[in-house]
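Coordinates from data.cif are shown below (mmCIF, N, CA, C and O atoms).
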```
data_work
loop_
_atom_site.label_atom_id
_atom_site.label_comp_id
_atom_site.auth_asym_id
_atom_site.auth_seq_id
_atom_site.Cartn_x
_atom_site.Cartn_y
_atom_site.Cartn_z
N MET X 1114 63.07 -51.05 -8.98
CA MET X 1114 62.98 -52.49 -9.05
C MET X 1114 61.89 -52.94 -8.10
O MET X 1114 61.81 -52.44 -6.97
N ASP X 1115 61.05 -53.85 -8.56
CA ASP X 1115 60.09 -54.43 -7.63
C ASP X 1115 60.73 -55.62 -6.92
O ASP X 1115 61.61 -56.26 -7.46
N ARG X 1116 60.32 -55.84 -5.68
CA ARG X 1116 60.92 -56.94 -4.91
C ARG X 1116 60.59 -58.28 -5.55
O ARG X 1116 61.42 -59.16 -5.64
N GLU X 1117 59.34 -58.41 -6.00
CA GLU X 1117 58.95 -59.64 -6.67
C GLU X 1117 57.72 -59.36 -7.53
O GLU X 1117 56.81 -58.66 -7.12
N ASN X 1118 57.73 -59.93 -8.72
CA ASN X 1118 56.58 -59.82 -9.63
C ASN X 1118 55.46 -60.68 -9.07
O ASN X 1118 55.60 -61.89 -8.93
N LEU X 1119 54.34 -60.05 -8.78
CA LEU X 1119 53.20 -60.75 -8.19
C LEU X 1119 52.73 -61.92 -9.05
O LEU X 1119 52.32 -62.96 -8.55
N HIS X 1120 52.83 -61.78 -10.37
CA HIS X 1120 52.35 -62.80 -11.29
C HIS X 1120 53.42 -63.83 -11.67
O HIS X 1120 53.12 -64.79 -12.37
N ALA X 1121 54.65 -63.60 -11.23
CA ALA X 1121 55.74 -64.53 -11.54
C ALA X 1121 56.67 -64.61 -10.32
O ALA X 1121 57.72 -63.96 -10.28
N PRO X 1122 56.29 -65.36 -9.30
CA PRO X 1122 57.12 -65.48 -8.10
C PRO X 1122 58.57 -65.85 -8.43
O PRO X 1122 58.82 -66.69 -9.28
N GLY X 1123 59.49 -65.18 -7.74
CA GLY X 1123 60.92 -65.43 -7.96
C GLY X 1123 61.53 -64.52 -9.00
O GLY X 1123 62.73 -64.57 -9.23
N TRP X 1124 60.73 -63.68 -9.63
CA TRP X 1124 61.20 -62.74 -10.65
C TRP X 1124 61.00 -61.31 -10.18
O TRP X 1124 60.08 -61.02 -9.43
N SER X 1125 61.84 -60.41 -10.65
CA SER X 1125 61.71 -58.98 -10.41
C SER X 1125 61.90 -58.21 -11.70
O SER X 1125 62.62 -58.66 -12.60
N HIS X 1126 61.25 -57.04 -11.78
CA HIS X 1126 61.43 -56.10 -12.89
C HIS X 1126 62.40 -55.01 -12.47
O HIS X 1126 62.34 -54.55 -11.33
N VAL X 1127 63.21 -54.56 -13.39
CA VAL X 1127 64.08 -53.41 -13.17
C VAL X 1127 63.79 -52.41 -14.28
O VAL X 1127 63.85 -52.76 -15.47
N LEU X 1128 63.45 -51.18 -13.89
CA LEU X 1128 63.20 -50.11 -14.85
C LEU X 1128 64.22 -49.00 -14.68
O LEU X 1128 64.70 -48.77 -13.57
N SER X 1129 64.52 -48.30 -15.75
CA SER X 1129 65.33 -47.09 -15.69
C SER X 1129 64.38 -45.92 -15.46
O SER X 1129 63.31 -45.86 -16.08
N THR X 1130 64.76 -44.99 -14.61
CA THR X 1130 63.89 -43.83 -14.38
C THR X 1130 63.82 -42.92 -15.59
O THR X 1130 62.94 -42.09 -15.70
N THR X 1131 64.76 -43.11 -16.54
CA THR X 1131 64.82 -42.23 -17.72
C THR X 1131 64.69 -42.98 -19.04
O THR X 1131 64.98 -42.42 -20.09
N HIS X 1132 64.24 -44.23 -19.01
CA HIS X 1132 64.16 -45.06 -20.24
C HIS X 1132 65.53 -45.25 -20.88
O HIS X 1132 65.64 -45.38 -22.10
N ASP X 1133 66.59 -45.24 -20.10
CA ASP X 1133 67.96 -45.31 -20.62
C ASP X 1133 68.33 -46.77 -20.89
O ASP X 1133 68.62 -47.54 -19.97
N LEU X 1134 68.35 -47.15 -22.17
CA LEU X 1134 68.67 -48.52 -22.54
C LEU X 1134 70.11 -48.88 -22.21
O LEU X 1134 70.40 -50.01 -21.82
N ASP X 1135 71.02 -47.91 -22.36
CA ASP X 1135 72.42 -48.17 -22.01
C ASP X 1135 72.57 -48.44 -20.52
O ASP X 1135 73.34 -49.31 -20.10
N GLU X 1136 71.80 -47.72 -19.70
CA GLU X 1136 71.83 -47.94 -18.25
C GLU X 1136 71.32 -49.35 -17.92
O GLU X 1136 71.93 -50.05 -17.11
N LEU X 1137 70.23 -49.76 -18.54
CA LEU X 1137 69.70 -51.10 -18.30
C LEU X 1137 70.68 -52.17 -18.75
O LEU X 1137 70.88 -53.17 -18.06
N GLU X 1138 71.30 -51.97 -19.90
CA GLU X 1138 72.28 -52.95 -20.40
C GLU X 1138 73.48 -53.04 -19.47
O GLU X 1138 73.96 -54.14 -19.16
N ALA X 1139 73.98 -51.90 -19.00
CA ALA X 1139 75.12 -51.91 -18.08
C ALA X 1139 74.74 -52.60 -16.77
O ALA X 1139 75.54 -53.37 -16.22
N PHE X 1140 73.53 -52.36 -16.29
CA PHE X 1140 73.10 -53.00 -15.05
C PHE X 1140 72.92 -54.51 -15.26
O PHE X 1140 73.26 -55.31 -14.39
N ARG X 1141 72.41 -54.89 -16.42
CA ARG X 1141 72.25 -56.31 -16.75
C ARG X 1141 73.59 -57.02 -16.65
O ARG X 1141 73.71 -58.08 -16.03
N ILE X 1142 74.61 -56.41 -17.22
CA ILE X 1142 75.96 -56.98 -17.18
C ILE X 1142 76.50 -56.99 -15.75
O ILE X 1142 77.06 -57.99 -15.31
N LEU X 1143 76.29 -55.91 -15.01
CA LEU X 1143 76.78 -55.80 -13.64
C LEU X 1143 76.24 -56.92 -12.75
O LEU X 1143 76.98 -57.51 -11.95
N VAL X 1144 74.95 -57.24 -12.90
CA VAL X 1144 74.36 -58.27 -12.03
C VAL X 1144 74.49 -59.67 -12.62
O VAL X 1144 74.10 -60.65 -12.00
N GLY X 1145 75.00 -59.78 -13.83
CA GLY X 1145 75.24 -61.09 -14.43
C GLY X 1145 74.02 -61.74 -15.05
O GLY X 1145 73.94 -62.97 -15.13
N ALA X 1146 73.06 -60.93 -15.50
CA ALA X 1146 71.86 -61.48 -16.13
C ALA X 1146 72.12 -61.76 -17.62
O ALA X 1146 72.93 -61.08 -18.25
N PRO X 1147 71.45 -62.74 -18.19
CA PRO X 1147 71.63 -63.04 -19.62
C PRO X 1147 71.02 -61.95 -20.50
O PRO X 1147 70.19 -61.16 -20.05
N ARG X 1148 71.43 -61.93 -21.76
CA ARG X 1148 70.90 -60.93 -22.71
C ARG X 1148 69.38 -60.95 -22.79
O ARG X 1148 68.74 -59.92 -22.97
N GLN X 1149 68.80 -62.13 -22.67
CA GLN X 1149 67.35 -62.27 -22.78
C GLN X 1149 66.61 -61.56 -21.65
O GLN X 1149 65.39 -61.38 -21.73
N ALA X 1150 67.30 -61.14 -20.62
CA ALA X 1150 66.66 -60.44 -19.50
C ALA X 1150 66.21 -59.04 -19.91
O ALA X 1150 65.30 -58.48 -19.30
N LEU X 1151 66.83 -58.46 -20.94
CA LEU X 1151 66.48 -57.11 -21.39
C LEU X 1151 65.32 -57.18 -22.36
O LEU X 1151 65.39 -57.85 -23.39
N HIS X 1152 64.25 -56.48 -22.01
CA HIS X 1152 63.06 -56.43 -22.86
C HIS X 1152 62.83 -55.00 -23.31
O HIS X 1152 62.78 -54.08 -22.50
N LEU X 1153 62.69 -54.82 -24.63
CA LEU X 1153 62.48 -53.50 -25.20
C LEU X 1153 60.99 -53.27 -25.42
O LEU X 1153 60.19 -54.17 -25.31
N GLY X 1154 60.65 -52.07 -25.76
CA GLY X 1154 59.25 -51.74 -26.01
C GLY X 1154 58.85 -50.49 -25.27
O GLY X 1154 59.69 -49.67 -24.91
N ARG X 1155 57.55 -50.36 -25.03
CA ARG X 1155 57.03 -49.16 -24.37
C ARG X 1155 57.66 -48.93 -23.00
O ARG X 1155 57.94 -47.81 -22.61
N TRP X 1156 57.85 -50.00 -22.23
CA TRP X 1156 58.49 -49.93 -20.93
C TRP X 1156 59.74 -50.82 -20.95
O TRP X 1156 59.69 -51.97 -20.50
N PRO X 1157 60.86 -50.35 -21.49
CA PRO X 1157 62.07 -51.17 -21.47
C PRO X 1157 62.40 -51.57 -20.03
O PRO X 1157 62.29 -50.74 -19.11
N HIS X 1158 62.74 -52.82 -19.83
CA HIS X 1158 63.02 -53.29 -18.48
C HIS X 1158 63.85 -54.57 -18.51
O HIS X 1158 64.03 -55.17 -19.55
N LEU X 1159 64.34 -54.93 -17.34
CA LEU X 1159 65.01 -56.20 -17.15
C LEU X 1159 64.08 -57.11 -16.35
O LEU X 1159 63.40 -56.66 -15.42
N ASP X 1160 64.05 -58.37 -16.70
CA ASP X 1160 63.39 -59.40 -15.91
C ASP X 1160 64.51 -60.22 -15.28
O ASP X 1160 65.30 -60.84 -15.99
N LEU X 1161 64.58 -60.18 -13.96
CA LEU X 1161 65.66 -60.86 -13.25
C LEU X 1161 65.15 -61.96 -12.34
O LEU X 1161 64.10 -61.83 -11.72
N LYS X 1162 65.93 -63.03 -12.25
CA LYS X 1162 65.65 -64.11 -11.31
C LYS X 1162 66.97 -64.68 -10.80
O LYS X 1162 68.05 -64.35 -11.31
N LEU X 1163 66.89 -65.49 -9.78
CA LEU X 1163 68.03 -66.19 -9.20
C LEU X 1163 69.15 -65.24 -8.77
O LEU X 1163 68.87 -64.20 -8.18
N GLU X 1164 70.40 -65.59 -9.05
CA GLU X 1164 71.54 -64.79 -8.57
C GLU X 1164 71.55 -63.36 -9.08
O GLU X 1164 71.82 -62.45 -8.30
N PRO X 1165 71.27 -63.10 -10.38
CA PRO X 1165 71.24 -61.70 -10.82
C PRO X 1165 70.20 -60.87 -10.04
O PRO X 1165 70.45 -59.72 -9.69
N ARG X 1166 69.07 -61.48 -9.75
CA ARG X 1166 68.02 -60.79 -8.98
C ARG X 1166 68.52 -60.48 -7.57
O ARG X 1166 68.33 -59.37 -7.06
N GLU X 1167 69.16 -61.45 -6.94
CA GLU X 1167 69.68 -61.24 -5.58
C GLU X 1167 70.75 -60.15 -5.57
O GLU X 1167 70.79 -59.33 -4.65
N ARG X 1168 71.62 -60.14 -6.58
CA ARG X 1168 72.65 -59.09 -6.67
C ARG X 1168 71.99 -57.72 -6.82
O ARG X 1168 72.42 -56.74 -6.22
N ALA X 1169 70.96 -57.64 -7.65
CA ALA X 1169 70.27 -56.37 -7.86
C ALA X 1169 69.58 -55.90 -6.58
O ALA X 1169 69.67 -54.72 -6.22
N LEU X 1170 68.90 -56.81 -5.89
CA LEU X 1170 68.22 -56.44 -4.65
C LEU X 1170 69.20 -55.95 -3.59
O LEU X 1170 68.86 -55.10 -2.77
N ALA X 1171 70.41 -56.47 -3.60
CA ALA X 1171 71.43 -56.09 -2.62
C ALA X 1171 72.17 -54.81 -2.98
O ALA X 1171 72.89 -54.26 -2.14
N SER X 1172 72.00 -54.32 -4.20
CA SER X 1172 72.73 -53.13 -4.65
C SER X 1172 72.23 -51.88 -3.93
O SER X 1172 71.04 -51.58 -3.94
N PRO X 1173 73.15 -51.11 -3.34
CA PRO X 1173 72.74 -49.88 -2.65
C PRO X 1173 72.23 -48.79 -3.60
O PRO X 1173 71.57 -47.85 -3.17
N ASP X 1174 72.51 -48.93 -4.88
CA ASP X 1174 72.09 -47.94 -5.87
C ASP X 1174 70.69 -48.19 -6.43
O ASP X 1174 70.21 -47.43 -7.25
N VAL X 1175 70.05 -49.26 -5.98
CA VAL X 1175 68.75 -49.65 -6.52
C VAL X 1175 67.65 -49.33 -5.51
O VAL X 1175 67.75 -49.69 -4.34
N ARG X 1176 66.63 -48.65 -5.98
CA ARG X 1176 65.45 -48.41 -5.15
C ARG X 1176 64.53 -49.61 -5.33
O ARG X 1176 64.16 -49.95 -6.45
N VAL X 1177 64.16 -50.24 -4.21
CA VAL X 1177 63.34 -51.44 -4.25
C VAL X 1177 61.92 -51.10 -3.76
O VAL X 1177 61.76 -50.51 -2.70
N PHE X 1178 60.93 -51.50 -4.55
CA PHE X 1178 59.52 -51.30 -4.21
C PHE X 1178 58.92 -52.65 -3.89
O PHE X 1178 59.23 -53.65 -4.54
N GLU X 1179 58.05 -52.69 -2.90
CA GLU X 1179 57.43 -53.95 -2.51
C GLU X 1179 56.51 -54.49 -3.60
O GLU X 1179 56.40 -55.69 -3.78
N ARG X 1180 55.86 -53.60 -4.32
CA ARG X 1180 54.91 -54.01 -5.36
C ARG X 1180 55.24 -53.34 -6.69
O ARG X 1180 55.71 -52.21 -6.73
N THR X 1181 54.96 -54.04 -7.76
CA THR X 1181 55.18 -53.50 -9.10
C THR X 1181 54.39 -52.22 -9.30
O THR X 1181 54.89 -51.25 -9.88
N SER X 1182 53.15 -52.20 -8.82
CA SER X 1182 52.31 -51.01 -8.99
C SER X 1182 52.92 -49.78 -8.33
O SER X 1182 52.84 -48.68 -8.87
N GLU X 1183 53.57 -49.95 -7.17
CA GLU X 1183 54.24 -48.83 -6.50
C GLU X 1183 55.39 -48.32 -7.36
O GLU X 1183 55.60 -47.11 -7.47
N MET X 1184 56.14 -49.24 -7.93
CA MET X 1184 57.26 -48.86 -8.78
C MET X 1184 56.77 -48.10 -10.01
O MET X 1184 57.32 -47.05 -10.36
N LEU X 1185 55.71 -48.58 -10.64
CA LEU X 1185 55.18 -47.91 -11.83
C LEU X 1185 54.64 -46.53 -11.51
O LEU X 1185 54.84 -45.58 -12.28
N ARG X 1186 53.96 -46.38 -10.37
CA ARG X 1186 53.48 -45.05 -9.97
C ARG X 1186 54.64 -44.09 -9.78
O ARG X 1186 54.59 -42.93 -10.19
N TYR X 1187 55.71 -44.55 -9.15
CA TYR X 1187 56.89 -43.73 -8.94
C TYR X 1187 57.50 -43.29 -10.27
O TYR X 1187 57.80 -42.11 -10.48
N ILE X 1188 57.67 -44.23 -11.17
CA ILE X 1188 58.26 -43.93 -12.49
C ILE X 1188 57.37 -42.95 -13.25
O ILE X 1188 57.85 -41.98 -13.85
N LYS X 1189 56.06 -43.19 -13.25
CA LYS X 1189 55.13 -42.29 -13.94
C LYS X 1189 55.22 -40.88 -13.39
O LYS X 1189 55.19 -39.91 -14.14
N ALA X 1190 55.31 -40.75 -12.08
CA ALA X 1190 55.42 -39.43 -11.47
C ALA X 1190 56.71 -38.73 -11.90
O ALA X 1190 56.70 -37.53 -12.20
N LEU X 1191 57.80 -39.47 -11.96
CA LEU X 1191 59.07 -38.89 -12.42
C LEU X 1191 59.00 -38.43 -13.87
O LEU X 1191 59.61 -37.43 -14.25
N ARG X 1192 58.25 -39.16 -14.67
CA ARG X 1192 58.15 -38.88 -16.10
C ARG X 1192 56.97 -37.96 -16.42
O ARG X 1192 56.61 -37.80 -17.59
N GLY X 1193 56.34 -37.43 -15.41
CA GLY X 1193 55.23 -36.52 -15.63
C GLY X 1193 53.91 -37.20 -15.91
O GLY X 1193 52.99 -36.57 -16.45
N GLY X 1194 53.78 -38.48 -15.61
CA GLY X 1194 52.52 -39.19 -15.77
C GLY X 1194 52.15 -39.47 -17.21
O GLY X 1194 51.02 -39.83 -17.49
N ALA X 1195 53.09 -39.38 -18.15
CA ALA X 1195 52.79 -39.54 -19.57
C ALA X 1195 52.61 -40.99 -19.99
O ALA X 1195 51.98 -41.27 -20.99
N GLN X 1196 53.14 -41.94 -19.22
CA GLN X 1196 53.08 -43.34 -19.60
C GLN X 1196 51.86 -44.03 -18.99
O GLN X 1196 51.35 -43.58 -17.97
N THR X 1197 51.46 -45.13 -19.58
CA THR X 1197 50.40 -45.95 -19.01
C THR X 1197 50.99 -47.27 -18.55
O THR X 1197 52.12 -47.60 -18.89
N ASP X 1198 50.22 -48.06 -17.80
CA ASP X 1198 50.73 -49.34 -17.29
C ASP X 1198 51.15 -50.26 -18.43
O ASP X 1198 50.55 -50.25 -19.49
N ALA X 1199 52.17 -51.06 -18.15
CA ALA X 1199 52.66 -52.03 -19.13
C ALA X 1199 51.73 -53.20 -19.21
O ALA X 1199 50.99 -53.49 -18.33
#
```
Translate this structure into structure tokens?
Amino acid sequence: MDRENLHAPGWSHVLSTTHDLDELEAFRILVGAPRQALHLGRWPHLDLKLEPRERALASPDVRVFERTSEMLRYIKALRGGAQTDA
């Protein structure tokens, strides 16, 4: 999860390290985000703001990156560098 989207202040992205849509959906429900927070495609992710974002940032199970680019580099390294930027 990035701490804040540089291009959208007050918002954060949440990615699964394994592209697991069920994991993202379960996390969406856990933090209380609306269905519209889940975005599918090349980089499935959650867009979180307000209380769901604060709950996610406070979760001990979530790795928080200061910048989106740091998060994407980490995910790419885990996945063998096969993906490109979103």
Ile1188 in chain X environment, 7 Å, only C-alpha atoms, sequence neighbours closer than 4 positions dropped, as a CSV table (one decimal) with N, CA, C and O atoms, in the frame of the given file:
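Here's the written file out_17.csv:
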```csv
chain,number,residue,atom,x,y,z
X,1130,THR,N,64.8,-45.0,-14.6
X,1130,THR,CA,63.9,-43.8,-14.4
X,1130,THR,C,63.8,-42.9,-15.6
X,1130,THR,O,62.9,-42.1,-15.7
X,1184,MET,N,56.1,-49.2,-7.9
X,1184,MET,CA,57.3,-48.9,-8.8
X,1184,MET,C,56.8,-48.1,-10.0
X,1184,MET,O,57.3,-47.0,-10.4
X,1192,ARG,N,58.2,-39.2,-14.7
X,1192,ARG,CA,58.2,-38.9,-16.1
X,1192,ARG,C,57.0,-38.0,-16.4
X,1192,ARG,O,56.6,-37.8,-17.6
```
With the file shown as input, list the residues that the PyMOL selection byres ((chain X and resi 1126) around 5) selects, as a PDB file with N, CA, C and O atoms, in the coordinates of the input.
```pdb
ATOM      1  N   MET X1114      63.070 -51.050  -8.980  1.00  0.00           N
ATOM      2  CA  MET X1114      62.980 -52.490  -9.050  1.00  0.00           C
ATOM      3  C   MET X1114      61.890 -52.940  -8.100  1.00  0.00           C
ATOM      4  O   MET X1114      61.810 -52.440  -6.970  1.00  0.00           O
ATOM      5  N   ASP X1115      61.050 -53.850  -8.560  1.00  0.00           N
ATOM      6  CA  ASP X1115      60.090 -54.430  -7.630  1.00  0.00           C
ATOM      7  C   ASP X1115      60.730 -55.620  -6.920  1.00  0.00           C
ATOM      8  O   ASP X1115      61.610 -56.260  -7.460  1.00  0.00           O
ATOM      9  N   TRP X1124      60.730 -63.680  -9.630  1.00  0.00           N
ATOM     10  CA  TRP X1124      61.200 -62.740 -10.650  1.00  0.00           C
ATOM     11  C   TRP X1124      61.000 -61.310 -10.180  1.00  0.00           C
ATOM     12  O   TRP X1124      60.080 -61.020  -9.430  1.00  0.00           O
ATOM     13  N   SER X1125      61.840 -60.410 -10.650  1.00  0.00           N
ATOM     14  CA  SER X1125      61.710 -58.980 -10.410  1.00  0.00           C
ATOM     15  C   SER X1125      61.900 -58.210 -11.700  1.00  0.00           C
ATOM     16  O   SER X1125      62.620 -58.660 -12.600  1.00  0.00           O
ATOM     17  N   VAL X1127      63.210 -54.560 -13.390  1.00  0.00           N
ATOM     18  CA  VAL X1127      64.080 -53.410 -13.170  1.00  0.00           C
ATOM     19  C   VAL X1127      63.790 -52.410 -14.280  1.00  0.00           C
ATOM     20  O   VAL X1127      63.850 -52.760 -15.470  1.00  0.00           O
ATOM     21  N   LEU X1128      63.450 -51.180 -13.890  1.00  0.00           N
ATOM     22  CA  LEU X1128      63.200 -50.110 -14.850  1.00  0.00           C
ATOM     23  C   LEU X1128      64.220 -49.000 -14.680  1.00  0.00           C
ATOM     24  O   LEU X1128      64.700 -48.770 -13.570  1.00  0.00           O
ATOM     25  N   LEU X1159      64.340 -54.930 -17.340  1.00  0.00           N
ATOM     26  CA  LEU X1159      65.010 -56.200 -17.150  1.00  0.00           C
ATOM     27  C   LEU X1159      64.080 -57.110 -16.350  1.00  0.00           C
ATOM     28  O   LEU X1159      63.400 -56.660 -15.420  1.00  0.00           O
ATOM     29  N   ASP X1160      64.050 -58.370 -16.700  1.00  0.00           N
ATOM     30  CA  ASP X1160      63.390 -59.400 -15.910  1.00  0.00           C
ATOM     31  C   ASP X1160      64.510 -60.220 -15.280  1.00  0.00           C
ATOM     32  O   ASP X1160      65.300 -60.840 -15.990  1.00  0.00           O
TER      33      ASP X1160
END
```
* Kindly give the distance, in Å, that separates CA of His1120 in chain X and atom N of Glu1179 in chain X, rounded to a single decimal. => 14.3 Å
* How far is it from CA of Thr1131 in chain X to CA of Glu1167 in chain X, in Å with one decimal? -> 23.1 Å
* Just the helix (DSSP H, G or I) stuff from chain X, please, per backbone DSSP, written as a ChimeraX atom specification. => /X:1134-1144,1148-1150,1163-1171,1181-1191
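The set of residues that the PyMOL selection byres ((chain X and resi 1181) around 7) takes from this file is Met1114, Asp1115, Arg1116, Glu1117, Asn1118, Leu1119, Phe1178, Glu1179, Arg1180, Ser1182, Glu1183, Met1184, Leu1185, Arg1186 and Tyr1187 of chain X.
Of the residues listed (X:Phe1140, X:Leu1191, X:Arg1148, X:Leu1153), X:Phe1140 shows the shortest atom-to-atom separation from Ala1169 in chain X; distances use all atoms listed in the file.
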* Asked: Taking into account only C-alpha atoms, which residue in the set X:Ala1121, X:Leu1163, X:Ala1150, X:Leu1137 is nearest to Val1175 in chain X?
  -> X:Leu1137
* For CA of Arg1176 in chain X and atom C of Gly1154 in chain X, quote the distance in Å rounded to one decimal. => 21.3 Å
* Could you write out, as a list in words, all the residues of chain X that DSSP marks as strand (DSSP E or B)? -> Asp1115, Asn1118, Ala1121, Trp1124, Ser1125, His1126, Val1127, Leu1128, Leu1151, His1152, His1158, Leu1159, Asp1160, Leu1161, Lys1162 and Phe1178 of chain X
* For Asp1133 in chain X, the nearest of the candidates X:Pro1173, X:Arg1166, X:Lys1189, X:Pro1157, counting all atoms listed in the file -> X:Pro1157
* Hey, what's within 5 Å of Val1144 in chain X if we count only N, CA, C and O atoms and toss same-chain stuff fewer than 3 positions away? As an MDAnalysis selection string, please? -> chainID X and resid 1140:1141 1164:1165
